[in-house]
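Structure first, commentary second.
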Amino acid sequence: MPIIELNNVKYRWPGSSNPVIDIEHFSIEQGDKIFLKGPSGTGKSTLLGLVAGVNLPDSGEVKVLGHQINSLKGRHRDHFRADHMGYIFQMFNLLPYLSVTENVCLPCHFSKRRRSKALAQSATLKAEAQRLLNDLQLGDELIHRPVSELSIGQQQRVAAARALIGQPELIIADEPSSALDTDARESFINLLFQECKRDNSTLLFVSHDDTLSPLFDKQVELSKINQTCGAL
Amino acid sequence: MAIIKLALKSLYNRRATALLTVFAIAVSVSLLLGVERVRTQAKESFANTISGTDLIIGARTGPVQLLLYSVFRIGNATNNISWQSYEDITKQKSVKWSVPLSLGDSHRGYRVLGTNNDYFKYYQFGQSQPLQFHQGQPFNSLFETVIGAEVAQKLNYTIGDKIIIAHGAGSTSFTKHDQMPFTITGILAPTSTPVDKTVHVSLSAIEAIHLGWNNGAPPVTGSVNVSTIDINTLKPQVITAALVGMTSKIRVFQLQRMVNQYKQEPLQAIIPGVALYELWSMMGIAEQALVVISGFVVASGLLGMLTMILASLNERRREMAILRAVGARPLQIFMLMISEAGILALAGALLGIATLFSMLAIAQPILQEQFGILITISLLTVYEWQLLGLVLISGLTIGVVPSIRAYRMSLADGMTIRV
Ligand SMILES: Nc1ncnc2c1ncn2[C@@H]1O[C@H](COP(=O)(O)OP(=O)(O)O)[C@@H](O)[C@H]1O
Ligand SMILES: [Mg+2]
């Protein structure tokens with residue numbers, strides 16, 4: 001069973017005349033590490049919003065883990081996302097008013113499932129957050145700093161730990177490495193791979209940077225699946 | 001609640017602006033409560049000044065004016081009552097007791113009241129409390145005086161001290177009647193009324209200190225020999241006002257009518273409660289203006305909060321998207337913003353209460369000293385709690401505005417943060 005399956009999905013931003021997304025069929029198998037590429041402005045983030053259930057398609061169906069999430073009620077979609085998905089943004093992923101570990105533990109406050117899974121790994125949420133941060137090569141000394149004092153690379157690793165805590169089935173990363181320099185980029189991706197493999201999570205990684213694409217199992221070009229891309 | 005914790009941490013992160021907002025609300029809340037408290041307590045304090053007196057009789061002015069100068073020692077009498085009329089009126093059967101009052105002199109800024117020892121017997125304040133002597137006893141002879149608690153305390157007087165009384169009400173009167181010192185025989189217990197600020201002497205003493213005065217001109221030095229003054233010849237000619245107690249309440253109106261229609265001279269009789277009520281209605285507009293102003297100050301404090309939250313909203317779009325990504329519902333985003341408004345308003349209200357009590361502690365002695373208004377520092381009344389509740393509800397209601405915007409933004413932005 002594919003973890004993500006889109007059928008005849010059309011999406012148009014409110015107020016815009018042309019649809020950004022028009023996908024006849026697209027699916028991802030569980031455990032895959034997918035590289036989704038495409039120039040910026042072509043609708044990659046919009047597609048992720050549809051997969052995450054934050055935006056609803058105008059028509060068609062979006063299935064995640066076999067659930068047709070576009071027919072779920074808003075509340076259940078939010079819950080579903082909290083339970084099954086970890087999300088990493090391009091940058092500024094962290095809430096500036098929370099500590100590093102509080103940022104990592106955030107999903108556990110919105111999902112009982114991820115909280116209990118995290119607590120199955122470590123005695124406390126904080127310990128689990130620290131374990132993940134250490135795995136992502138953030139030392140204890142850095143963990144106690146205010147988030148604003150971390151470098152962008154360090155912040156992205158904290159964001160990765162937050163996406164990973166409680167082992168969600170699907171990790172969605174929206175250009176998470178674009179703000180990093182080349183060395184940091186590769187080590188970040190390798191750490192992410194290592195954690196996803198450990199938890200058997202599926203990784204949907206979005207980037208406009210082709211140089212990263214060989215690191216992944218599969219590459220998907222948005223323009224190949226999205227019929228509107230030619231028009232833009 | 002995770003959301004409230006987030007709100008608290010987020011506010012702590014912006015504590016400089018948050019604190020300013022809280023201060024603005026606190027100042028407005030303490031103003032609102034302070035105005036309310038001084039207003040009600042001033043009334044109470046006024047109402048507590050006189051009790052048990054059925055009628056006040058004086059020259060025909062306005063009821064409020066008579067009340068103010070006879071009881072509160074505010075302002076001066078323009079006319080007097082002749083002693084003859086006083087005796088004539090108070091010899092009625094329905095009159096249970098009466099006390100003559102003669103004002104117009106002062107001692108170092110404190111008013112001097114000429115009266116007789118019935119004053120100490122019949123004058124009542126608060127809930128029918130009679131005057132009590134802290135030390136000593138009533139005056140028995142011409143040059144004796146009984147002073148109020150504040151006079152004794154402020155001027156550091158004790159029983160046996162000799163004081164000099166001046167003509168006129170100023171503290172630096174040029175025309176001091178300095179030939180005739182008075183001996184203090186009694187000090188009254190505090191009453192929190194103008195009695196505390198009064199120097200009491202006999203009516204004969206008032207006559208004595210004006211002996212030899214001619215149309216306001218002081219006597220030629222040596223023309224009056226104190227030792228030769230004969231008490232019996234010192235019959236008062238005029239008094240300023242009189243307090244009257246009646247045998248029955250029904251008779252009050254009868255006597256009032258009689259006084260108001262008195263042929264020999266224009267007089268009036270007022271019922272203290274009625275005159276007080278008239279005073280309140282005169283002050284009503286000013287009072288309401290104060291309440292309205294403090295209401296507006298609260299509104300501006302809360303609008304300051306609205307400005308602060310709205311201003312922060314755009315830079316917090318990313319924060320909303322992050323929260324949505326980790327599974328927060330749009331409703332929870334709404335709750336986050338509303339709780340921030342609620343926390344600010346609540347903190348403002350609490351700090352406002354603290355400010356109120358410290359302000360009251362500072363203002364209490366000043367109000368008592370300057371205006372004779374006693375403010376008791378008591379717990380918040382039901383009405384004050386209701387006002388606070390109103391402030392909180394208004395805060396939350398105002399908080400709905402940015403919360404709805406945040407809610408809409410979090411729906412519209414989705415996962416694409418466009419800053
Ligand atoms: N929140 C939004 N509201 C309206 N239009 C949007 C919004 N986010 C993105 N778009 C529009 O959708 C198109 C695709 O944007 P996006 O999905 O962010 O592209 P990408 O992630 O590939 O750079 C763009 O034309 C953009 O202007
Ligand atoms: Mg994008």
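In the structure tokens, each chain is lettered A, B, ... as it comes, each chain's residues begin at 1, and ligands are numbered from 1 in order of appearance.
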
For ligand 2, collect every residue having any atom at a distance of at most 12 Å from a ligand atom (counting only C-alpha atoms and all ligand atoms); output as a PyMOL selection string. (chain A and resi 36-49+88-91+173-176+178+205-208) or (chain B and resi 413-418)

Could you list, as a ChimeraX atom specification, every residue within 12 Å of A:Ser177, counting only C-alpha atoms and ignoring same-chain residues fewer than 3 positions away? /A:88-93,152-157,159-160,173-174,180-190,192,205-209,211-212

Go ahead and dump the residues you just picked, N, CA, C and O atoms, as a compact mmCIF listing (two decimals), in the first residue's frame.
```txt
# COMPACT_ATOMS: atom_id res chain seq x y z
N ILE A 88 9.44 19.70 8.25
CA ILE A 88 10.60 20.59 8.40
C ILE A 88 10.51 21.68 7.33
O ILE A 88 10.37 21.38 6.15
N PHE A 89 10.59 22.93 7.78
CA PHE A 89 10.55 24.05 6.83
C PHE A 89 11.95 24.41 6.37
O PHE A 89 12.96 23.93 6.90
N GLN A 90 11.99 25.32 5.41
CA GLN A 90 13.28 25.77 4.87
C GLN A 90 14.15 26.43 5.93
O GLN A 90 15.33 26.13 6.07
N MET A 91 13.56 27.34 6.69
CA MET A 91 14.29 27.92 7.82
C MET A 91 13.34 28.55 8.81
O MET A 91 12.13 28.51 8.61
N PHE A 92 13.90 29.10 9.86
CA PHE A 92 13.08 29.64 10.96
C PHE A 92 12.03 28.64 11.38
O PHE A 92 10.84 28.90 11.40
N ASN A 93 12.50 27.45 11.69
CA ASN A 93 11.60 26.37 12.07
C ASN A 93 11.18 26.41 13.52
O ASN A 93 10.27 25.72 13.91
N ILE A 152 22.15 28.35 11.67
CA ILE A 152 21.01 27.84 10.88
C ILE A 152 21.09 26.32 10.77
O ILE A 152 20.08 25.63 10.91
N GLY A 153 22.30 25.80 10.57
CA GLY A 153 22.45 24.34 10.46
C GLY A 153 22.00 23.65 11.74
O GLY A 153 21.33 22.61 11.70
N GLN A 154 22.38 24.24 12.88
CA GLN A 154 21.96 23.65 14.15
C GLN A 154 20.45 23.74 14.33
O GLN A 154 19.81 22.79 14.78
N GLN A 155 19.89 24.89 13.92
CA GLN A 155 18.44 25.04 14.02
C GLN A 155 17.71 23.99 13.18
O GLN A 155 16.70 23.43 13.61
N GLN A 156 18.27 23.73 11.98
CA GLN A 156 17.60 22.75 11.12
C GLN A 156 17.67 21.35 11.73
O GLN A 156 16.76 20.55 11.57
N ARG A 157 18.75 21.06 12.45
CA ARG A 157 18.84 19.75 13.09
C ARG A 157 17.85 19.64 14.26
O ARG A 157 17.27 18.59 14.49
N ALA A 159 15.02 21.18 14.20
CA ALA A 159 13.74 21.00 13.50
C ALA A 159 13.58 19.55 13.08
O ALA A 159 12.48 18.97 13.15
N ALA A 160 14.68 18.92 12.65
CA ALA A 160 14.62 17.51 12.26
C ALA A 160 14.25 16.66 13.46
O ALA A 160 13.41 15.75 13.36
N ALA A 173 9.92 17.30 4.30
CA ALA A 173 10.95 18.33 4.45
C ALA A 173 10.88 19.26 3.26
O ALA A 173 11.08 18.84 2.13
N ASP A 174 10.54 20.50 3.51
CA ASP A 174 10.36 21.48 2.44
C ASP A 174 11.61 22.34 2.32
O ASP A 174 11.78 23.30 3.05
N LEU A 180 21.65 25.92 4.00
CA LEU A 180 22.92 25.42 4.54
C LEU A 180 24.00 25.44 3.47
O LEU A 180 23.71 25.36 2.27
N ASP A 181 25.27 25.50 3.92
CA ASP A 181 26.33 25.39 2.92
C ASP A 181 26.52 23.92 2.53
O ASP A 181 25.99 23.02 3.18
N THR A 182 27.27 23.69 1.45
CA THR A 182 27.31 22.36 0.84
C THR A 182 27.69 21.25 1.82
O THR A 182 27.06 20.19 1.83
N ASP A 183 28.71 21.48 2.65
CA ASP A 183 29.14 20.43 3.59
C ASP A 183 28.03 20.10 4.58
O ASP A 183 27.69 18.94 4.79
N ALA A 184 27.49 21.16 5.17
CA ALA A 184 26.45 20.99 6.17
C ALA A 184 25.24 20.30 5.55
O ALA A 184 24.57 19.49 6.19
N ARG A 185 24.98 20.62 4.29
CA ARG A 185 23.84 20.08 3.58
C ARG A 185 23.89 18.56 3.56
O ARG A 185 22.94 17.88 3.93
N GLU A 186 25.05 18.04 3.15
CA GLU A 186 25.14 16.59 3.01
C GLU A 186 25.09 15.88 4.35
O GLU A 186 24.44 14.85 4.49
N SER A 187 25.77 16.46 5.33
CA SER A 187 25.75 15.79 6.63
C SER A 187 24.35 15.85 7.23
O SER A 187 23.89 14.89 7.84
N PHE A 188 23.65 16.95 6.97
CA PHE A 188 22.27 17.06 7.47
C PHE A 188 21.41 15.96 6.86
O PHE A 188 20.67 15.25 7.55
N ILE A 189 21.55 15.80 5.53
CA ILE A 189 20.71 14.82 4.85
C ILE A 189 21.05 13.40 5.30
O ILE A 189 20.16 12.57 5.54
N ASN A 190 22.32 13.15 5.51
CA ASN A 190 22.71 11.81 5.96
C ASN A 190 22.18 11.50 7.35
O ASN A 190 21.74 10.38 7.61
N LEU A 192 19.52 12.76 8.61
CA LEU A 192 18.08 12.59 8.44
C LEU A 192 17.78 11.18 7.93
O LEU A 192 16.89 10.49 8.44
N PHE A 205 11.25 14.67 0.47
CA PHE A 205 12.21 15.76 0.58
C PHE A 205 12.07 16.64 -0.66
O PHE A 205 12.18 16.17 -1.79
N VAL A 206 11.84 17.91 -0.43
CA VAL A 206 11.60 18.81 -1.54
C VAL A 206 12.79 19.75 -1.70
O VAL A 206 13.31 20.26 -0.71
N SER A 207 13.22 19.92 -2.93
CA SER A 207 14.29 20.89 -3.15
C SER A 207 14.31 21.33 -4.60
O SER A 207 13.80 20.65 -5.48
N HIS A 208 14.86 22.50 -4.83
CA HIS A 208 15.05 22.92 -6.21
C HIS A 208 16.51 22.69 -6.62
O HIS A 208 16.91 22.99 -7.73
N ASP A 209 17.30 22.11 -5.68
CA ASP A 209 18.73 21.95 -5.89
C ASP A 209 19.04 20.52 -6.35
O ASP A 209 18.99 19.58 -5.57
N THR A 211 21.74 18.98 -7.13
CA THR A 211 22.96 18.29 -6.72
C THR A 211 22.69 17.27 -5.62
O THR A 211 23.47 16.35 -5.42
N LEU A 212 21.59 17.43 -4.91
CA LEU A 212 21.31 16.50 -3.82
C LEU A 212 20.62 15.24 -4.31
O LEU A 212 20.63 14.22 -3.65
```

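Once A:Asp22 and its same-chain neighbours fewer than 2 positions away are set aside, Val9, Lys10, Asn226, Gln227 and Thr228 of chain A remain within 6 Å of it when counting only C-alpha atoms.
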
Using N, CA, C and O atoms, can you export the residues from the last selection as an mmCIF file, in the first residue's frame?
```
data_model
loop_
_atom_site.group_PDB
_atom_site.id
_atom_site.type_symbol
_atom_site.label_atom_id
_atom_site.label_comp_id
_atom_site.auth_asym_id
_atom_site.auth_seq_id
_atom_site.Cartn_x
_atom_site.Cartn_y
_atom_site.Cartn_z
ATOM 1 N N VAL A 9 -5.957 15.274 -8.451
ATOM 2 C CA VAL A 9 -5.994 16.382 -7.500
ATOM 3 C C VAL A 9 -5.807 17.712 -8.221
ATOM 4 O O VAL A 9 -4.867 17.890 -8.994
ATOM 5 N N LYS A 10 -6.735 18.615 -7.969
ATOM 6 C CA LYS A 10 -6.615 19.972 -8.509
ATOM 7 C C LYS A 10 -6.649 20.938 -7.334
ATOM 8 O O LYS A 10 -7.435 20.778 -6.404
ATOM 9 N N ASN A 226 2.827 17.180 -12.514
ATOM 10 C CA ASN A 226 1.890 18.292 -12.390
ATOM 11 C C ASN A 226 1.631 18.914 -13.747
ATOM 12 O O ASN A 226 2.534 19.480 -14.362
ATOM 13 N N GLN A 227 0.377 18.817 -14.213
ATOM 14 C CA GLN A 227 0.080 19.281 -15.557
ATOM 15 C C GLN A 227 0.120 20.792 -15.713
ATOM 16 O O GLN A 227 0.216 21.296 -16.819
ATOM 17 N N THR A 228 0.025 21.534 -14.616
ATOM 18 C CA THR A 228 0.017 22.986 -14.749
ATOM 19 C C THR A 228 1.402 23.552 -14.969
ATOM 20 O O THR A 228 1.553 24.700 -15.373
#
```

Selection: 7 Å around B:Val151, only C-alpha atoms, excl. self and same-chain fewer than 6 positions, as a ChimeraX atom specification: /B:196-198

Residues of the last selection are to be written out with C-alpha atoms, as a short mmCIF file (atom, residue, chain, number, x, y, z; two decimals), in the first residue's frame.
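Once written, selection-v3.cif looks like this:
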```
data_model
loop_
_atom_site.label_atom_id
_atom_site.label_comp_id
_atom_site.auth_asym_id
_atom_site.auth_seq_id
_atom_site.Cartn_x
_atom_site.Cartn_y
_atom_site.Cartn_z
CA ASP B 196 -11.36 66.26 65.08
CA LYS B 197 -10.26 69.56 63.60
CA THR B 198 -12.28 71.79 65.86
#
```

Give me, as JSON, numbers by chain, the contact residues of chain A against chain B at a cut-off of 9 Å, counting only C-alpha atoms. {"A": [13, 14, 45, 46, 48, 49, 50, 52, 54, 55, 74, 75, 77, 78, 79, 80, 81, 82, 83, 85, 86, 87, 88, 89, 92, 93, 94, 95, 96, 97, 98, 106, 107, 108, 109, 110, 111, 162, 163]}

Would you mind exporting N, CA, C and O atoms of the selected residues as a short mmCIF file (atom, residue, chain, number, x, y, z; two decimals), in the first residue's frame?
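The new file again33.cif reads:
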```cif
data_model
loop_
_atom_site.label_atom_id
_atom_site.label_comp_id
_atom_site.auth_asym_id
_atom_site.auth_seq_id
_atom_site.Cartn_x
_atom_site.Cartn_y
_atom_site.Cartn_z
N TRP A 13 -5.13 28.41 -5.51
CA TRP A 13 -5.14 29.28 -4.33
C TRP A 13 -6.31 30.23 -4.41
O TRP A 13 -6.61 30.72 -5.50
N PRO A 14 -6.96 30.52 -3.32
CA PRO A 14 -8.08 31.48 -3.37
C PRO A 14 -7.59 32.80 -3.95
O PRO A 14 -6.51 33.28 -3.61
N SER A 45 5.60 23.52 -2.39
CA SER A 45 5.09 23.71 -1.03
C SER A 45 3.58 23.53 -1.00
O SER A 45 3.02 22.99 -0.03
N THR A 46 2.92 23.98 -2.06
CA THR A 46 1.47 23.82 -2.12
C THR A 46 1.10 22.34 -2.09
O THR A 46 0.18 21.92 -1.36
N LEU A 48 2.83 19.95 -0.78
CA LEU A 48 3.07 19.44 0.58
C LEU A 48 1.92 19.81 1.51
O LEU A 48 1.52 19.03 2.36
N GLY A 49 1.39 21.04 1.31
CA GLY A 49 0.24 21.47 2.12
C GLY A 49 -0.95 20.55 1.91
O GLY A 49 -1.70 20.26 2.86
N LEU A 50 -1.10 20.07 0.67
CA LEU A 50 -2.21 19.16 0.38
C LEU A 50 -1.98 17.81 1.04
O LEU A 50 -2.89 17.21 1.61
N ALA A 52 -0.16 17.28 3.67
CA ALA A 52 -0.25 17.44 5.13
C ALA A 52 -1.68 17.67 5.59
O ALA A 52 -1.97 17.63 6.78
N VAL A 54 -3.26 20.48 5.30
CA VAL A 54 -3.48 21.85 5.73
C VAL A 54 -4.34 22.56 4.69
O VAL A 54 -5.15 23.41 5.01
N ASN A 55 -4.12 22.19 3.44
CA ASN A 55 -4.98 22.72 2.38
C ASN A 55 -5.78 21.56 1.79
O ASN A 55 -5.33 20.42 1.78
N GLY A 74 -11.80 19.04 9.50
CA GLY A 74 -10.61 19.83 9.80
C GLY A 74 -9.88 19.37 11.05
O GLY A 74 -8.67 19.17 11.05
N ARG A 75 -10.66 19.16 12.09
CA ARG A 75 -10.08 18.78 13.38
C ARG A 75 -9.34 17.44 13.26
O ARG A 75 -8.24 17.25 13.76
N ARG A 77 -8.18 16.10 10.51
CA ARG A 77 -7.00 16.24 9.65
C ARG A 77 -5.81 16.77 10.46
O ARG A 77 -4.70 16.28 10.32
N ASP A 78 -6.10 17.75 11.31
CA ASP A 78 -5.02 18.30 12.14
C ASP A 78 -4.47 17.23 13.08
O ASP A 78 -3.27 17.12 13.29
N HIS A 79 -5.39 16.45 13.59
CA HIS A 79 -4.98 15.38 14.49
C HIS A 79 -4.16 14.33 13.74
O HIS A 79 -3.13 13.85 14.23
N PHE A 80 -4.62 14.03 12.55
CA PHE A 80 -3.93 13.03 11.72
C PHE A 80 -2.51 13.49 11.42
O PHE A 80 -1.55 12.72 11.53
N ARG A 81 -2.39 14.77 11.09
CA ARG A 81 -1.06 15.33 10.80
C ARG A 81 -0.17 15.25 12.04
O ARG A 81 0.97 14.82 11.97
N ALA A 82 -0.75 15.62 13.19
CA ALA A 82 0.04 15.57 14.42
C ALA A 82 0.52 14.15 14.70
O ALA A 82 1.66 13.94 15.10
N ASP A 83 -0.34 13.18 14.45
CA ASP A 83 0.00 11.79 14.77
C ASP A 83 1.02 11.18 13.80
O ASP A 83 1.88 10.41 14.20
N MET A 85 2.74 12.78 10.85
CA MET A 85 3.68 13.50 10.00
C MET A 85 4.61 14.42 10.80
O MET A 85 4.20 15.06 11.75
N GLY A 86 5.86 14.44 10.36
CA GLY A 86 6.81 15.42 10.88
C GLY A 86 7.17 16.37 9.75
O GLY A 86 7.35 15.94 8.61
N TYR A 87 7.24 17.64 10.04
CA TYR A 87 7.39 18.64 8.99
C TYR A 87 8.61 19.52 9.27
O TYR A 87 8.80 20.00 10.38
N ILE A 88 9.44 19.70 8.25
CA ILE A 88 10.60 20.59 8.40
C ILE A 88 10.51 21.68 7.33
O ILE A 88 10.37 21.38 6.15
N PHE A 89 10.59 22.93 7.78
CA PHE A 89 10.55 24.05 6.83
C PHE A 89 11.95 24.41 6.37
O PHE A 89 12.96 23.93 6.90
N PHE A 92 13.90 29.10 9.86
CA PHE A 92 13.08 29.64 10.96
C PHE A 92 12.03 28.64 11.38
O PHE A 92 10.84 28.90 11.40
N ASN A 93 12.50 27.45 11.69
CA ASN A 93 11.60 26.37 12.07
C ASN A 93 11.18 26.41 13.52
O ASN A 93 10.27 25.72 13.91
N LEU A 94 11.93 27.20 14.32
CA LEU A 94 11.77 27.06 15.77
C LEU A 94 11.00 28.23 16.36
O LEU A 94 11.07 29.35 15.86
N LEU A 95 10.27 27.92 17.42
CA LEU A 95 9.60 28.99 18.14
C LEU A 95 10.65 29.66 19.03
O LEU A 95 11.28 28.99 19.85
N PRO A 96 10.85 30.95 18.86
CA PRO A 96 11.95 31.62 19.55
C PRO A 96 11.77 31.64 21.07
O PRO A 96 12.73 31.80 21.81
N TYR A 97 10.52 31.48 21.52
CA TYR A 97 10.29 31.60 22.96
C TYR A 97 10.33 30.27 23.69
O TYR A 97 10.07 30.22 24.89
N LEU A 98 10.64 29.20 22.94
CA LEU A 98 10.79 27.91 23.62
C LEU A 98 12.25 27.50 23.60
O LEU A 98 13.01 27.91 22.73
N LEU A 106 7.44 19.70 21.07
CA LEU A 106 6.17 20.33 20.71
C LEU A 106 5.12 19.36 20.13
O LEU A 106 3.97 19.38 20.57
N PRO A 107 5.48 18.49 19.16
CA PRO A 107 4.43 17.62 18.59
C PRO A 107 3.78 16.72 19.64
O PRO A 107 2.61 16.36 19.49
N CYS A 108 4.51 16.38 20.69
CA CYS A 108 3.95 15.48 21.70
C CYS A 108 2.83 16.15 22.49
O CYS A 108 2.08 15.47 23.18
N HIS A 109 2.73 17.48 22.39
CA HIS A 109 1.62 18.16 23.05
C HIS A 109 0.37 18.17 22.19
O HIS A 109 -0.71 18.51 22.65
N PHE A 110 0.54 17.84 20.92
CA PHE A 110 -0.63 17.82 20.03
C PHE A 110 -1.01 16.41 19.63
O PHE A 110 -2.02 16.20 18.99
N SER A 111 -0.17 15.42 19.97
CA SER A 111 -0.44 14.04 19.59
C SER A 111 -0.11 13.10 20.75
O SER A 111 1.04 12.97 21.15
N ARG A 162 12.54 17.53 15.95
CA ARG A 162 11.12 17.74 16.23
C ARG A 162 10.24 16.93 15.28
O ARG A 162 9.23 16.37 15.68
N ALA A 163 10.66 16.88 14.01
CA ALA A 163 9.88 16.10 13.05
C ALA A 163 9.94 14.62 13.38
O ALA A 163 8.99 13.87 13.15
#
```

Quick check for you: according to DSSP on this backbone, which residues of stretch 13-221 of chain A are classed as strand (DSSP E or B)? Reply as a VMD selection string. chain A and resid 21 to 29 33 to 37 59 to 64 67 to 68 85 to 88 99 146 170 to 174 202 to 207 218 to 221

B:Ile56, B:Met409, B:Met308, B:Ser70 ranked by distance to ligand 1, top pick (using only C-alpha atoms and all ligand atoms):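 Of the candidates, the smallest distance to ligand 1 is held by B:Met409.
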
Can you measure atom CA of B:Thr53 to atom CA of B:Met246 for me? One decimal in Å is fine.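 That distance, rounded to one decimal, is 8.2 Å.
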
Enumerate as an MDAnalysis selection string all residues of stretch 169-211 of chain A assigned to alpha helix (DSSP H) by DSSP on the backbone, naming them with the chain letters and numbers the document uses. chainID A and resid 182:199

Could the residues in this selection be written to a file with N, CA, C and O atoms, as a tab-separated table (two decimals), in the first residue's frame?
```
chain	number	residue	atom	x	y	z
A	182	THR	N	27.27	23.69	1.45
A	182	THR	CA	27.31	22.36	0.84
A	182	THR	C	27.69	21.25	1.82
A	182	THR	O	27.06	20.19	1.83
A	183	ASP	N	28.71	21.48	2.65
A	183	ASP	CA	29.14	20.43	3.59
A	183	ASP	C	28.03	20.10	4.58
A	183	ASP	O	27.69	18.94	4.79
A	184	ALA	N	27.49	21.16	5.17
A	184	ALA	CA	26.45	20.99	6.17
A	184	ALA	C	25.24	20.30	5.55
A	184	ALA	O	24.57	19.49	6.19
A	185	ARG	N	24.98	20.62	4.29
A	185	ARG	CA	23.84	20.08	3.58
A	185	ARG	C	23.89	18.56	3.56
A	185	ARG	O	22.94	17.88	3.93
A	186	GLU	N	25.05	18.04	3.15
A	186	GLU	CA	25.14	16.59	3.01
A	186	GLU	C	25.09	15.88	4.35
A	186	GLU	O	24.44	14.85	4.49
A	187	SER	N	25.77	16.46	5.33
A	187	SER	CA	25.75	15.79	6.63
A	187	SER	C	24.35	15.85	7.23
A	187	SER	O	23.89	14.89	7.84
A	188	PHE	N	23.65	16.95	6.97
A	188	PHE	CA	22.27	17.06	7.47
A	188	PHE	C	21.41	15.96	6.86
A	188	PHE	O	20.67	15.25	7.55
A	189	ILE	N	21.55	15.80	5.53
A	189	ILE	CA	20.71	14.82	4.85
A	189	ILE	C	21.05	13.40	5.30
A	189	ILE	O	20.16	12.57	5.54
A	190	ASN	N	22.32	13.15	5.51
A	190	ASN	CA	22.71	11.81	5.96
A	190	ASN	C	22.18	11.50	7.35
A	190	ASN	O	21.74	10.38	7.61
A	191	LEU	N	22.22	12.50	8.21
A	191	LEU	CA	21.67	12.29	9.56
A	191	LEU	C	20.17	12.02	9.48
A	191	LEU	O	19.63	11.16	10.17
A	192	LEU	N	19.52	12.76	8.61
A	192	LEU	CA	18.08	12.59	8.44
A	192	LEU	C	17.78	11.18	7.93
A	192	LEU	O	16.89	10.49	8.44
A	193	PHE	N	18.56	10.73	6.94
A	193	PHE	CA	18.41	9.37	6.40
A	193	PHE	C	18.54	8.34	7.51
A	193	PHE	O	17.74	7.43	7.64
A	194	GLN	N	19.59	8.52	8.29
A	194	GLN	CA	19.92	7.55	9.34
A	194	GLN	C	18.75	7.42	10.32
A	194	GLN	O	18.34	6.31	10.67
A	195	GLU	N	18.17	8.56	10.70
A	195	GLU	CA	17.05	8.51	11.64
A	195	GLU	C	15.80	7.93	11.00
A	195	GLU	O	15.07	7.18	11.64
A	196	CYS	N	15.55	8.30	9.74
A	196	CYS	CA	14.37	7.77	9.06
A	196	CYS	C	14.46	6.25	8.92
A	196	CYS	O	13.47	5.53	9.07
A	197	LYS	N	15.67	5.80	8.65
A	197	LYS	CA	15.88	4.37	8.47
A	197	LYS	C	15.62	3.64	9.79
A	197	LYS	O	14.95	2.60	9.84
A	198	ARG	N	16.13	4.23	10.84
A	198	ARG	CA	15.99	3.64	12.16
A	198	ARG	C	14.52	3.47	12.53
A	198	ARG	O	14.10	2.47	13.10
A	199	ASP	N	13.72	4.49	12.20
A	199	ASP	CA	12.30	4.45	12.55
A	199	ASP	C	11.44	3.89	11.43
A	199	ASP	O	10.21	3.82	11.55
```
